[in-house]
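Structure file structure37.cif (mmCIF, C-alpha atoms) follows.
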data_protein
loop_
_atom_site.label_atom_id
_atom_site.label_comp_id
_atom_site.auth_asym_id
_atom_site.auth_seq_id
_atom_site.Cartn_x
_atom_site.Cartn_y
_atom_site.Cartn_z
CA MET X 66 91.94 116.39 82.28
CA ARG X 67 92.38 114.12 85.29
CA LYS X 68 88.60 113.95 85.79
CA LYS X 69 88.12 112.83 82.20
CA GLN X 70 90.81 110.20 82.59
CA ARG X 71 89.15 108.93 85.77
CA MET X 72 85.78 108.76 84.04
CA LEU X 73 87.21 106.84 81.09
CA ILE X 74 89.14 104.38 83.26
CA PHE X 75 86.11 103.87 85.47
CA ALA X 76 83.82 103.31 82.47
CA LEU X 77 86.22 100.68 81.11
CA VAL X 78 86.44 98.95 84.52
CA ILE X 79 82.63 98.90 84.84
CA THR X 80 82.30 97.50 81.33
CA ALA X 81 84.84 94.77 82.05
CA THR X 82 83.28 93.77 85.37
CA SER X 83 79.79 93.84 83.87
CA GLN X 84 80.80 90.73 81.92
CA PHE X 85 80.73 88.83 85.23
CA TYR X 86 77.04 88.30 85.90
CA LEU X 87 74.19 85.97 86.68
CA ASN X 88 71.23 85.67 84.31
CA PHE X 89 67.85 86.65 85.74
CA ILE X 90 64.51 85.04 84.88
CA ILE X 91 63.88 87.82 82.35
CA ASP X 92 65.60 87.34 78.99
CA GLY X 93 68.60 89.65 78.60
CA PHE X 94 68.53 90.92 82.20
CA ARG X 95 71.72 90.28 84.13
CA ILE X 96 72.76 90.68 87.76
CA SER X 97 76.21 92.24 87.39
CA THR X 98 79.00 92.74 89.92
CA SER X 99 79.81 96.06 88.25
CA VAL X 100 76.93 97.71 90.11
CA ILE X 101 78.84 97.08 93.36
CA ILE X 102 81.81 99.07 92.04
CA LEU X 103 79.64 101.87 90.61
CA PRO X 104 78.55 103.56 93.88
CA ILE X 105 82.01 103.08 95.44
CA PHE X 106 83.58 105.10 92.62
CA LEU X 107 80.89 107.79 92.56
CA ILE X 108 81.11 108.31 96.35
CA THR X 109 84.91 108.18 96.51
CA TYR X 110 85.43 110.59 93.61
CA ASP X 111 82.64 113.02 94.37
CA ASP X 112 84.29 115.72 92.25
CA VAL X 113 83.36 113.71 89.14
CA SER X 114 79.89 114.22 87.65
CA SER X 115 77.78 111.09 88.20
CA VAL X 116 75.63 111.93 85.16
CA HIS X 117 78.57 112.37 82.78
CA THR X 118 80.29 109.29 84.17
CA SER X 119 77.16 107.18 83.78
CA LEU X 120 76.55 108.42 80.23
CA LEU X 121 80.11 107.53 79.23
CA THR X 122 79.77 104.13 80.95
CA ALA X 123 76.45 103.45 79.21
CA LEU X 124 78.01 104.29 75.82
CA ILE X 125 81.01 101.99 76.28
CA VAL X 126 78.84 99.19 77.72
CA PHE X 127 76.53 99.53 74.70
CA ILE X 128 79.43 99.33 72.24
CA VAL X 129 81.20 96.42 73.93
CA ARG X 130 78.09 94.31 74.55
CA SER X 131 76.85 94.90 71.00
CA PHE X 132 80.23 93.88 69.61
CA VAL X 133 80.24 90.69 71.73
CA LEU X 134 76.77 89.77 70.46
CA LEU X 135 77.69 90.55 66.85
CA ILE X 136 80.76 88.30 66.87
CA SER X 137 78.64 85.54 68.42
CA GLY X 138 76.32 85.65 65.39
CA THR X 139 73.52 87.94 66.60
CA GLU X 140 72.09 90.37 64.03
CA LEU X 141 72.81 94.07 64.56
CA SER X 142 69.17 95.04 65.14
CA GLN X 143 68.72 92.23 67.61
CA ALA X 144 71.96 93.08 69.41
CA VAL X 145 70.90 96.72 69.81
CA TYR X 146 67.46 95.57 70.97
CA ILE X 147 69.07 93.43 73.72
CA VAL X 148 71.75 95.90 74.84
CA ILE X 149 69.81 99.20 75.05
CA PRO X 150 67.92 98.44 78.32
CA GLY X 151 71.14 97.41 80.10
CA SER X 152 72.92 100.58 78.93
CA LEU X 153 69.94 102.67 80.01
CA PHE X 154 70.38 101.24 83.53
CA TYR X 155 73.63 103.22 83.98
CA VAL X 156 72.11 106.45 82.66
CA ILE X 157 69.22 106.24 85.12
CA TYR X 158 71.58 105.27 87.95
CA GLY X 159 73.74 108.35 87.33
CA ILE X 160 70.77 110.69 87.16
CA ILE X 161 69.29 109.43 90.44
CA PHE X 162 72.75 109.45 92.10
CA SER X 163 73.15 113.15 91.23
CA LEU X 164 70.70 113.75 94.11
CA LYS X 165 73.69 113.07 96.37
CA LYS X 166 74.37 116.81 96.48
CA LEU X 167 71.18 117.15 98.53
CA ILE X 168 72.58 114.92 101.29
CA PRO X 169 74.23 117.08 103.99
CA ASN X 170 77.72 115.99 105.13
CA ASN X 171 77.42 112.75 103.15
CA SER X 172 75.49 111.07 105.96
CA LEU X 173 76.28 107.34 105.78
CA LEU X 174 72.71 106.21 106.50
CA LYS X 175 71.27 108.52 103.84
CA MET X 176 74.00 107.46 101.43
CA VAL X 177 73.05 103.80 101.92
CA PHE X 178 69.44 104.67 101.18
CA LEU X 179 70.44 106.62 98.03
CA VAL X 180 72.57 103.74 96.70
CA PHE X 181 69.67 101.35 97.31
CA ILE X 182 67.24 103.65 95.50
CA CYS X 183 69.63 104.01 92.54
CA ASP X 184 70.07 100.26 92.24
CA PHE X 185 66.44 99.30 92.79
CA PHE X 186 64.75 101.90 90.56
CA SER X 187 67.33 101.56 87.76
CA ASN X 188 66.67 97.82 87.75
CA ILE X 189 62.90 98.35 87.85
CA ILE X 190 63.02 100.63 84.81
CA GLU X 191 65.30 98.22 82.93
CA VAL X 192 63.03 95.26 83.72
CA PHE X 193 59.86 97.13 82.71
CA LEU X 194 61.50 98.10 79.42
CA ARG X 195 62.53 94.51 78.72
CA MET X 196 59.09 93.21 79.66
CA ASN X 197 57.43 95.63 77.25
CA MET X 198 59.77 94.46 74.51
CA LEU X 199 58.73 90.88 75.27
CA ASN X 200 55.08 91.83 75.64
CA ARG X 201 55.06 90.49 79.16
CA GLY X 202 54.02 91.95 82.47
CA VAL X 203 55.98 92.36 85.71
CA ASP X 204 54.65 90.56 88.77
CA TYR X 205 55.36 91.17 92.44
CA LYS X 206 57.83 88.25 92.57
CA ASP X 207 60.09 89.98 90.04
CA ILE X 208 59.90 93.25 91.99
CA PHE X 209 60.66 91.48 95.28
CA ALA X 210 63.64 89.73 93.67
CA LEU X 211 64.95 93.10 92.41
CA PHE X 212 64.44 94.50 95.91
CA LEU X 213 66.56 91.74 97.42
CA ILE X 214 69.23 92.16 94.74
CA ALA X 215 69.40 95.90 95.47
CA VAL X 216 69.64 95.26 99.23
CA ILE X 217 72.47 92.73 98.81
CA ARG X 218 74.47 94.82 96.33
CA THR X 219 74.01 97.96 98.43
CA PHE X 220 75.17 96.13 101.54
CA ILE X 221 78.28 94.78 99.79
CA ALA X 222 79.11 98.12 98.16
CA MET X 223 78.77 100.13 101.37
CA THR X 224 80.70 97.52 103.38
CA VAL X 225 83.58 97.76 100.93
CA LEU X 226 83.37 101.56 101.03
CA VAL X 227 83.51 101.62 104.84
CA LEU X 228 86.52 99.27 104.79
CA ILE X 229 88.29 101.52 102.28
CA ARG X 230 87.57 104.61 104.37
CA ASN X 231 88.76 102.93 107.56
CA TYR X 232 91.93 101.84 105.77
CA LYS X 233 92.53 105.43 104.65
CA VAL X 234 91.96 106.64 108.19
CA LEU X 235 94.44 104.05 109.43
CA LEU X 236 97.03 105.17 106.89
CA THR X 237 96.45 108.81 107.81
CA LYS X 238 96.78 107.96 111.49
CA GLU X 239 100.05 106.15 110.85
CA GLU X 240 101.34 109.11 108.83
CA HIS X 241 100.41 111.48 111.65
CA GLU X 242 102.11 109.21 114.16
CA VAL X 243 105.31 109.21 112.13
CA ARG X 244 105.16 113.00 111.84
CA TYR X 245 104.57 113.26 115.58
CA GLN X 246 107.53 111.01 116.34
CA ASN X 247 109.75 113.00 113.99
CA LEU X 248 108.57 116.20 115.66
CA ILE X 249 109.46 114.84 119.10
CA LEU X 250 112.94 113.92 117.88
CA LEU X 251 113.41 117.28 116.18
CA ILE X 252 112.42 119.17 119.31
CA ALA X 253 114.71 116.94 121.38
CA ASP X 254 117.57 117.98 119.10
CA LEU X 255 116.58 121.66 119.32
CA LYS X 256 116.27 121.50 123.10
CA SER X 257 119.72 119.96 123.27
CA GLU X 258 121.16 122.62 120.98
CA ILE X 259 119.49 125.38 123.03
CA TYR X 260 121.08 123.97 126.15
CA PHE X 261 124.52 124.28 124.61
CA MET X 262 123.75 127.65 123.07
CA LYS X 263 122.92 128.93 126.56
CA LYS X 264 126.13 127.44 127.84
CA ASN X 265 128.03 129.11 125.01
CA SER X 266 126.37 132.45 125.77
CA ASP X 267 127.86 132.24 129.25
CA ASP X 268 131.25 131.57 127.67
CA ILE X 269 130.75 134.59 125.44
CA GLU X 270 129.90 136.67 128.51
CA HIS X 271 133.12 135.50 130.14
CA ILE X 272 135.15 136.41 127.04
CA MET X 273 133.46 139.80 126.89
CA SER X 274 134.32 140.47 130.54
CA ASN X 275 137.94 139.57 129.93
CA SER X 276 138.01 141.76 126.87
CA TYR X 277 136.71 144.74 128.83
CA ILE X 278 139.22 144.10 131.63
CA MET X 279 141.94 144.15 129.00
CA TYR X 280 140.57 147.46 127.69
CA GLU X 281 140.63 148.98 131.19
CA LYS X 282 144.22 147.90 131.62
CA LEU X 283 145.13 149.37 128.28
CA LEU X 284 143.64 152.69 129.37
CA LEU X 285 146.14 152.79 132.21
CA SER X 286 149.02 151.85 129.96
CA ASN X 287 151.07 153.79 127.47
CA GLN X 288 149.66 151.95 124.49
CA ASP X 289 148.58 153.81 121.35
CA GLU X 290 145.06 155.14 121.27
CA ASP X 291 144.35 153.00 118.21
CA ILE X 292 145.06 149.84 120.20
CA LYS X 293 142.84 151.04 123.03
CA ASP X 294 140.02 151.80 120.58
CA LEU X 295 140.51 148.45 118.91
CA SER X 296 140.21 146.70 122.28
CA LEU X 297 137.01 148.61 123.09
CA ASN X 298 135.52 147.83 119.66
CA ILE X 299 136.28 144.13 120.13
CA THR X 300 134.44 144.24 123.47
CA LYS X 301 131.46 145.96 121.81
CA ASP X 302 131.42 143.44 118.96
CA ILE X 303 131.43 140.55 121.41
CA HIS X 304 128.54 142.18 123.26
CA GLU X 305 126.54 142.52 120.00
CA ILE X 306 127.25 138.90 119.13
CA LYS X 307 125.98 137.84 122.54
CA LYS X 308 122.77 139.89 122.10
CA ASP X 309 122.10 138.31 118.70
CA TYR X 310 122.84 134.88 120.18
CA ILE X 311 120.33 135.44 122.99
CA HIS X 312 117.70 136.66 120.50
CA VAL X 313 118.10 133.45 118.49
CA ILE X 314 117.76 131.33 121.65
CA LYS X 315 114.63 133.19 122.78
CA GLY X 316 113.11 132.98 119.30
CA ILE X 317 113.54 129.21 119.16
CA GLU X 318 112.28 128.79 122.73
CA ASN X 319 109.19 130.94 122.09
CA THR X 320 108.40 128.99 118.93
CA LEU X 321 108.70 125.66 120.72
CA THR X 322 106.57 126.91 123.61
CA LYS X 323 103.80 128.22 121.34
CA GLU X 324 103.74 125.40 118.81
CA PHE X 325 104.34 122.38 120.96
CA LYS X 326 103.35 121.89 124.55
CA LEU X 327 103.96 118.53 126.14
CA SER X 328 104.25 118.58 129.89
CA GLU X 329 105.61 115.09 130.39
CA MET X 330 106.24 111.77 128.68
CA SER X 331 106.66 108.21 129.88
CA ILE X 332 109.81 106.15 129.41
CA LYS X 333 107.59 103.68 127.57
CA ASP X 334 106.75 106.30 124.91
CA ILE X 335 110.34 107.54 124.74
CA PHE X 336 111.58 104.01 124.04
CA TYR X 337 108.81 103.42 121.48
CA ILE X 338 109.54 106.61 119.52
CA LEU X 339 113.29 106.02 119.60
CA ARG X 340 112.94 102.41 118.52
CA GLU X 341 110.55 103.12 115.63
CA SER X 342 112.54 106.11 114.33
CA THR X 343 115.78 104.10 114.47
CA TYR X 344 114.23 101.29 112.45
CA ARG X 345 112.81 103.81 109.97
CA LEU X 346 116.18 105.50 109.45
CA ASN X 347 117.82 102.10 108.97
CA GLU X 348 115.07 100.49 106.91
CA ASN X 349 117.52 98.95 104.42
CA ASN X 350 119.36 97.18 107.24
CA ARG X 351 116.32 96.28 109.34
CA ASN X 352 116.85 92.52 108.94
CA ASN X 353 120.42 92.84 110.20
CA LEU X 354 119.61 95.02 113.22
CA TYR X 355 117.83 94.03 116.41
CA LEU X 356 116.63 96.75 118.77
CA ASP X 357 115.69 95.65 122.26
CA PHE X 358 114.45 98.49 124.48
CA LYS X 359 113.09 97.28 127.82
CA TYR X 360 112.04 98.94 131.06
CA LYS X 361 111.52 97.32 134.42
CA SER X 362 109.04 100.00 135.47
CA ASN X 363 107.41 102.94 133.75
CA PHE X 364 107.80 106.54 134.85
CA TYR X 365 106.96 110.02 133.55
CA THR X 366 109.35 112.93 133.22
CA ARG X 367 109.13 116.60 132.26
CA ASN X 368 112.67 116.38 130.92
CA HIS X 369 111.77 113.91 128.18
CA PHE X 370 113.41 115.98 125.44
CA GLN X 371 116.77 116.00 127.22
CA LEU X 372 116.50 112.28 128.01
CA MET X 373 115.52 111.55 124.40
CA SER X 374 118.56 113.51 123.20
CA ILE X 375 120.89 111.52 125.47
CA LEU X 376 119.58 108.14 124.35
CA LYS X 377 119.30 109.15 120.70
CA ASN X 378 122.92 110.31 120.53
CA ILE X 379 124.20 107.08 122.08
CA VAL X 380 122.02 104.99 119.75
CA ASN X 381 123.25 106.98 116.72
CA ASN X 382 126.84 106.40 117.82
CA ALA X 383 126.08 102.70 118.13
CA ILE X 384 124.54 102.58 114.64
CA GLU X 385 127.64 104.21 113.16
CA SER X 386 129.92 101.69 114.86
CA ILE X 387 128.00 98.62 113.65
CA ASP X 388 128.95 96.76 110.48
CA MET X 389 125.56 96.34 108.81
CA THR X 390 126.94 93.79 106.35
CA LYS X 391 127.08 91.35 109.25
CA LYS X 392 124.08 89.67 110.87
CA ASN X 393 122.94 89.50 114.49
CA ASN X 394 123.71 93.16 115.20
CA PHE X 395 121.95 94.60 118.22
CA ILE X 396 121.40 97.71 120.28
CA LYS X 397 119.89 97.13 123.70
CA ILE X 398 118.61 99.66 126.19
CA TYR X 399 117.54 98.54 129.62
CA TYR X 400 116.01 100.82 132.23
CA LYS X 401 115.64 100.14 135.92
CA SER X 402 115.72 102.19 139.10
CA ASP X 403 116.83 101.91 142.67
CA LYS X 404 115.82 104.09 145.59
CA LYS X 405 117.93 107.02 144.43
CA ASN X 406 118.63 106.73 140.70
CA HIS X 407 117.19 106.09 137.28
CA ILE X 408 119.64 103.65 135.66
CA PHE X 409 120.00 103.24 131.89
CA THR X 410 122.22 100.63 130.27
CA ILE X 411 122.85 101.00 126.52
CA ALA X 412 124.79 98.17 124.87
CA ASP X 413 125.67 97.50 121.22
CA SER X 414 127.49 94.92 119.11
CA GLY X 415 129.62 97.50 117.30
CA LYS X 416 133.32 97.58 116.70
CA GLY X 417 134.03 98.96 120.17
CA ILE X 418 136.34 101.73 121.36
CA SER X 419 140.09 101.22 121.53
CA PRO X 420 141.83 101.87 124.90
CA GLN X 421 143.83 104.76 123.44
CA ASN X 422 140.65 106.51 122.26
CA MET X 423 138.62 105.90 125.41
CA LYS X 424 139.84 109.02 127.24
CA TYR X 425 138.97 111.27 124.29
CA ILE X 426 135.43 110.12 123.44
CA TYR X 427 133.72 112.93 125.39
CA ASN X 428 135.92 115.67 123.94
CA PRO X 429 134.03 118.03 121.60
CA GLY X 430 135.15 117.44 118.03
CA PHE X 431 136.69 114.03 118.65
CA SER X 432 135.57 111.37 116.19
CA THR X 433 136.91 108.16 114.71
CA LYS X 434 134.16 108.03 112.09
CA PHE X 435 135.33 108.84 108.56
CA ASP X 436 133.34 108.28 105.37
CA TYR X 437 135.81 107.10 102.75
CA ASN X 438 133.24 107.66 99.99
CA THR X 439 132.47 111.32 100.73
CA GLY X 440 135.44 112.37 102.84
CA ASP X 441 133.10 113.57 105.59
CA VAL X 442 134.19 113.34 109.21
CA ASN X 443 131.64 113.05 112.01
CA ARG X 444 131.59 116.32 113.94
CA GLY X 445 132.12 114.46 117.21
CA ILE X 446 129.55 116.32 119.29
CA GLY X 447 127.20 113.44 120.19
CA LEU X 448 128.95 112.00 123.23
CA TYR X 449 130.07 115.45 124.36
CA HIS X 450 126.38 116.44 124.41
CA VAL X 451 125.50 113.25 126.23
CA LYS X 452 128.03 113.72 129.02
CA THR X 453 127.23 117.44 129.40
CA LEU X 454 123.50 116.74 129.73
CA VAL X 455 124.01 113.82 132.12
CA VAL X 456 126.58 115.54 134.34
CA ASN X 457 125.65 119.24 134.15
CA HIS X 458 121.92 119.13 133.57
CA PHE X 459 120.89 116.04 135.54
CA LYS X 460 123.86 115.92 137.96
CA GLY X 461 124.22 112.26 137.09
CA THR X 462 127.08 109.97 136.09
CA ILE X 463 128.02 108.16 132.89
CA ASN X 464 130.39 105.22 132.58
CA VAL X 465 131.49 103.25 129.55
CA ALA X 466 132.98 99.79 129.05
CA SER X 467 134.10 98.65 125.63
CA GLU X 468 135.96 95.85 123.91
CA VAL X 469 137.25 96.15 120.36
CA ASP X 470 135.27 94.03 117.85
CA VAL X 471 132.84 93.01 120.62
CA GLY X 472 130.83 96.10 121.51
CA THR X 473 130.29 98.99 123.90
CA GLU X 474 128.11 99.48 126.96
CA PHE X 475 127.17 102.80 128.55
CA THR X 476 125.71 103.01 132.04
CA ILE X 477 123.95 106.24 132.98
CA LYS X 478 122.71 107.04 136.47
CA ILE X 479 120.44 110.04 137.02
CA PRO X 480 119.17 110.98 140.48
CA ILE X 481 115.41 110.51 140.55
CA ALA X 482 114.87 113.99 142.00
CA ASN X 483 117.00 115.61 139.29
CA MET X 484 115.07 113.96 136.48
CA GLU X 485 112.25 116.37 137.28
CA VAL X 486 114.33 119.57 137.28
CA ASP X 487 112.72 122.31 135.18
CA ASP X 488 114.54 124.05 132.35
CA GLU X 489 114.44 127.40 134.13
CA ASN X 490 116.32 125.89 137.12
CA ILE X 491 119.26 124.75 135.02
CA HIS X 492 122.61 126.20 136.01
CA TYR X 493 125.46 126.18 133.52
#
Using structure tokens, write down the structure that the file contains.
Amino acid sequence: MRKKQRMLIFALVITATSQFYLNFIIDGFRISTSVIILPIFLITYDDVSSVHTSLLTALIVFIVRSFVLLISGTELSQAVYIVIPGSLFYVIYGIIFSLKKLIPNNSLLKMVFLVFICDFFSNIIEVFLRMNMLNRGVDYKDIFALFLIAVIRTFIAMTVLVLIRNYKVLLTKEEHEVRYQNLILLIADLKSEIYFMKKNSDDIEHIMSNSYIMYEKLLLSNQDEDIKDLSLNITKDIHEIKKDYIHVIKGIENTLTKEFKLSEMSIKDIFYILRESTYRLNENNRNNLYLDFKYKSNFYTRNHFQLMSILKNIVNNAIESIDMTKKNNFIKIYYKSDKKNHIFTIADSGKGISPQNMKYIYNPGFSTKFDYNTGDVNRGIGLYHVKTLVVNHFKGTINVASEVDVGTEFTIKIPIANMEVDDENIHY
């Protein structure tokens, strides 16, 4: 059904554009712009039959041109006499173009030659038919003129086709780039979650050890056997939970290792991905938000996912604290280094943090963000993740300065040597 709709729409477009033409020296012959569109459609929609499309186009062109001549006062027989050769042009074009299936891999050079042949020979046949109707002959000047017309129209048609294809490639490339950026951010989140899952597994191990110690003490006490059994079962359950937890962690890690390998990334690329994704997620407020991510020098790190997670969480916190109804909002990240440390400064123009809340901002679960429309409360994990990664993973420091209704500024220092620590060397 869709193919038939395409054919009909295309035939109508060709008929409409065929009304824009230049008259040739032969009576009734016209140089139409529609023949530029014809090969573009047939090449682009190669699942549509060129013969069927051309037959439908020829029929509609015949009807429309005959009607135009009739309302201008031409007799029916004369109108048909004038229109038939022009309609036949499209039939011949479609038949010759069906040879496209013989061209391997749609070679561009061979496709150019085919389009030229279709245009030139279809015109030759139309001109010979008109000349016979007029009892005139065709000289070499007419043929040379048709040759030039075919060359020019083929050149224009194929140029437009190449531009369309390059545009599609550009769009596809942009789509892939967006997917790649989203994948980087997703993996950064997963890596961050894995880090805390591993930390939690150690906590579970500690709880399990305490539970077993309690069981051993109960064995030496005069407690009921049911209580002793209950204590042992709790220890076993904790152990099973830990095993399942570790299986989940390993499963995610194996998937990330198999599906996505990226040894290192530059701070330039990290800033670019973070900036573009932040603008994308805040597209409606883009005019009211200015992102300024600068670096004094570029460097590469194997811990790009962890660094991305740190910066992303702080940026997300900044976004949530900004009143997007106001103008001149900004989030700025500036990177520099000294002899010992990578130094990141992240500043925003948000509502700031009150002095009474400052000492709680890194506590897990603490949040001042409440959505009055939905009743949702932010889970308050972002800055807890940030501090844990900075302090425990990178052995760095994080400091914050904030003023209510003015903004907040975080300063993160990470030892240069620790930026290159491998995941397997992390200690919780």
(request) Provide the atom CA of X:Ala466 to atom CA of X:Ser331 distance in Å, to one decimal place. (result) 27.6 Å
(message) Quick one: residues within 6 Å of stretch 293-304 of chain X, all atoms listed in the file, excluding same-chain residues fewer than 5 positions away - as a PyMOL selection string?
(response) chain X and resi 273+276-277+280+283
How about saving the chosen residues, C-alpha atoms kept, as a PDB file, in the frame of the given file?
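So again-v3.pdb came out as:
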ATOM      1  CA  MET X 273     133.460 139.800 126.890  1.00  0.00           C
ATOM      2  CA  SER X 276     138.010 141.760 126.870  1.00  0.00           C
ATOM      3  CA  TYR X 277     136.710 144.740 128.830  1.00  0.00           C
ATOM      4  CA  TYR X 280     140.570 147.460 127.690  1.00  0.00           C
ATOM      5  CA  LEU X 283     145.130 149.370 128.280  1.00  0.00           C
TER       6      LEU X 283
END
(request) Name the residues that the PyMOL selection byres ((chain X and resi 416) around 7) pulls out of this structure, and write them as a ChimeraX atom specification. (result) /X:386-387,414-415,417-418,469-472
Can I get the selected residues back with C-alpha atoms, as a PDB file, in the coordinates of the input?
ATOM      1  CA  SER X 386     129.920 101.690 114.860  1.00  0.00           C
ATOM      2  CA  ILE X 387     128.000  98.620 113.650  1.00  0.00           C
ATOM      3  CA  SER X 414     127.490  94.920 119.110  1.00  0.00           C
ATOM      4  CA  GLY X 415     129.620  97.500 117.300  1.00  0.00           C
ATOM      5  CA  GLY X 417     134.030  98.960 120.170  1.00  0.00           C
ATOM      6  CA  ILE X 418     136.340 101.730 121.360  1.00  0.00           C
ATOM      7  CA  VAL X 469     137.250  96.150 120.360  1.00  0.00           C
ATOM      8  CA  ASP X 470     135.270  94.030 117.850  1.00  0.00           C
ATOM      9  CA  VAL X 471     132.840  93.010 120.620  1.00  0.00           C
ATOM     10  CA  GLY X 472     130.830  96.100 121.510  1.00  0.00           C
TER      11      GLY X 472
END
(request) Would you please work out which residue, of X:Val78, X:Ile101, X:Ile160, X:Val465, is nearest to X:Thr219 when using only C-alpha atoms? (result) X:Ile101
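Excluding X:Thr366 and any residue on its chain fewer than 4 positions from it, the residues at most 7 Å away by only C-alpha atoms are Glu329, Met330, Ser331, Met484 and Glu485 of chain X.
If you measure from each of X:Ala215, X:Leu226, X:His458, X:Ile102 to X:Thr82 using all atoms listed in the file, the closest one turns out to be X:Ile102.
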(message) Residues within 10 Å of X:Leu356, please, as a ChimeraX atom specification. Count all atoms listed in the file; anything in the same chain fewer than 3 positions from it doesn't count.
(response) /X:339-341,343-344,351,359,380,394-398,413
(request) List the residues selected by the PyMOL selection byres ((chain X and resi 120) around 12) in the file shown, writing them as JSON, numbers by chain. (result) {"X": [72, 73, 75, 76, 114, 115, 116, 117, 118, 119, 121, 122, 123, 124, 125, 126, 127, 152, 153, 154, 155, 156, 157, 158, 159, 160]}
(message) So the first atom is atom CA of X:Lys166 and the second is atom CA of X:Ala210; what is the distance between them in Å, to one decimal place?
(response) 29.3 Å
(message) Using the chain letters and numbers from this file, what does the PyMOL selection byres ((chain X and resi 192) around 9) select? Give the answer as an MDAnalysis selection string.
(response) chainID X and resid 91 94 150 187:191 193:197 203 207
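Using all atoms listed in the file for every distance, the candidate list X:Ser467, X:Ser131, X:Asn368, X:Thr109 yields X:Asn368 as the residue closest to X:Ile481.
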(message) If we count only C-alpha atoms and set the cut-off at 12 Å, which residues sit around X:Val456, ignoring sequence neighbours fewer than 3 positions away in its own chain? Please answer as a PyMOL selection string.
(response) chain X and resi 375+427+448-453+459-464+477-480+483-484+491-493
Selected residues, C-alpha atoms, written as a short mmCIF file (atom, residue, chain, number, x, y, z; two decimals), in the frame of the given file, please.
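Printed below is again10.cif as written:
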data_model
loop_
_atom_site.label_atom_id
_atom_site.label_comp_id
_atom_site.auth_asym_id
_atom_site.auth_seq_id
_atom_site.Cartn_x
_atom_site.Cartn_y
_atom_site.Cartn_z
CA ILE X 375 120.89 111.52 125.47
CA TYR X 427 133.72 112.93 125.39
CA LEU X 448 128.95 112.00 123.23
CA TYR X 449 130.07 115.45 124.36
CA HIS X 450 126.38 116.44 124.41
CA VAL X 451 125.50 113.25 126.23
CA LYS X 452 128.03 113.72 129.02
CA THR X 453 127.23 117.44 129.40
CA PHE X 459 120.89 116.04 135.54
CA LYS X 460 123.86 115.92 137.96
CA GLY X 461 124.22 112.26 137.09
CA THR X 462 127.08 109.97 136.09
CA ILE X 463 128.02 108.16 132.89
CA ASN X 464 130.39 105.22 132.58
CA ILE X 477 123.95 106.24 132.98
CA LYS X 478 122.71 107.04 136.47
CA ILE X 479 120.44 110.04 137.02
CA PRO X 480 119.17 110.98 140.48
CA ASN X 483 117.00 115.61 139.29
CA MET X 484 115.07 113.96 136.48
CA ILE X 491 119.26 124.75 135.02
CA HIS X 492 122.61 126.20 136.01
CA TYR X 493 125.46 126.18 133.52
#
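Atom pair atom CA of X:Asp112 / atom CA of X:Val243: separated by 29.7 Å.
Remark: for X:Thr476, the closest of the candidate residues X:Asn265, X:Asn428, X:Thr139, X:Thr410 is X:Thr410 (distances computed over all atoms listed in the file).
Each of X:Leu372, X:Ile128, X:Leu164, X:Met389 was compared to X:Asp111 using only C-alpha atoms, and X:Leu164 turns out to be the nearest.
Of the residues listed (X:Val145, X:Leu134, X:Ile426, X:Met373), X:Met373 shows the shortest atom-to-atom separation from X:Leu251; distances use all atoms listed in the file.
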Axis-aligned box for stretch 185-190 of chain X, 8 Å per side, centre and edges in Å as JSON:
{"center_x": 65.1, "center_y": 99.9, "center_z": 88.8, "size_x": 20.4, "size_y": 20.1, "size_z": 24.0}
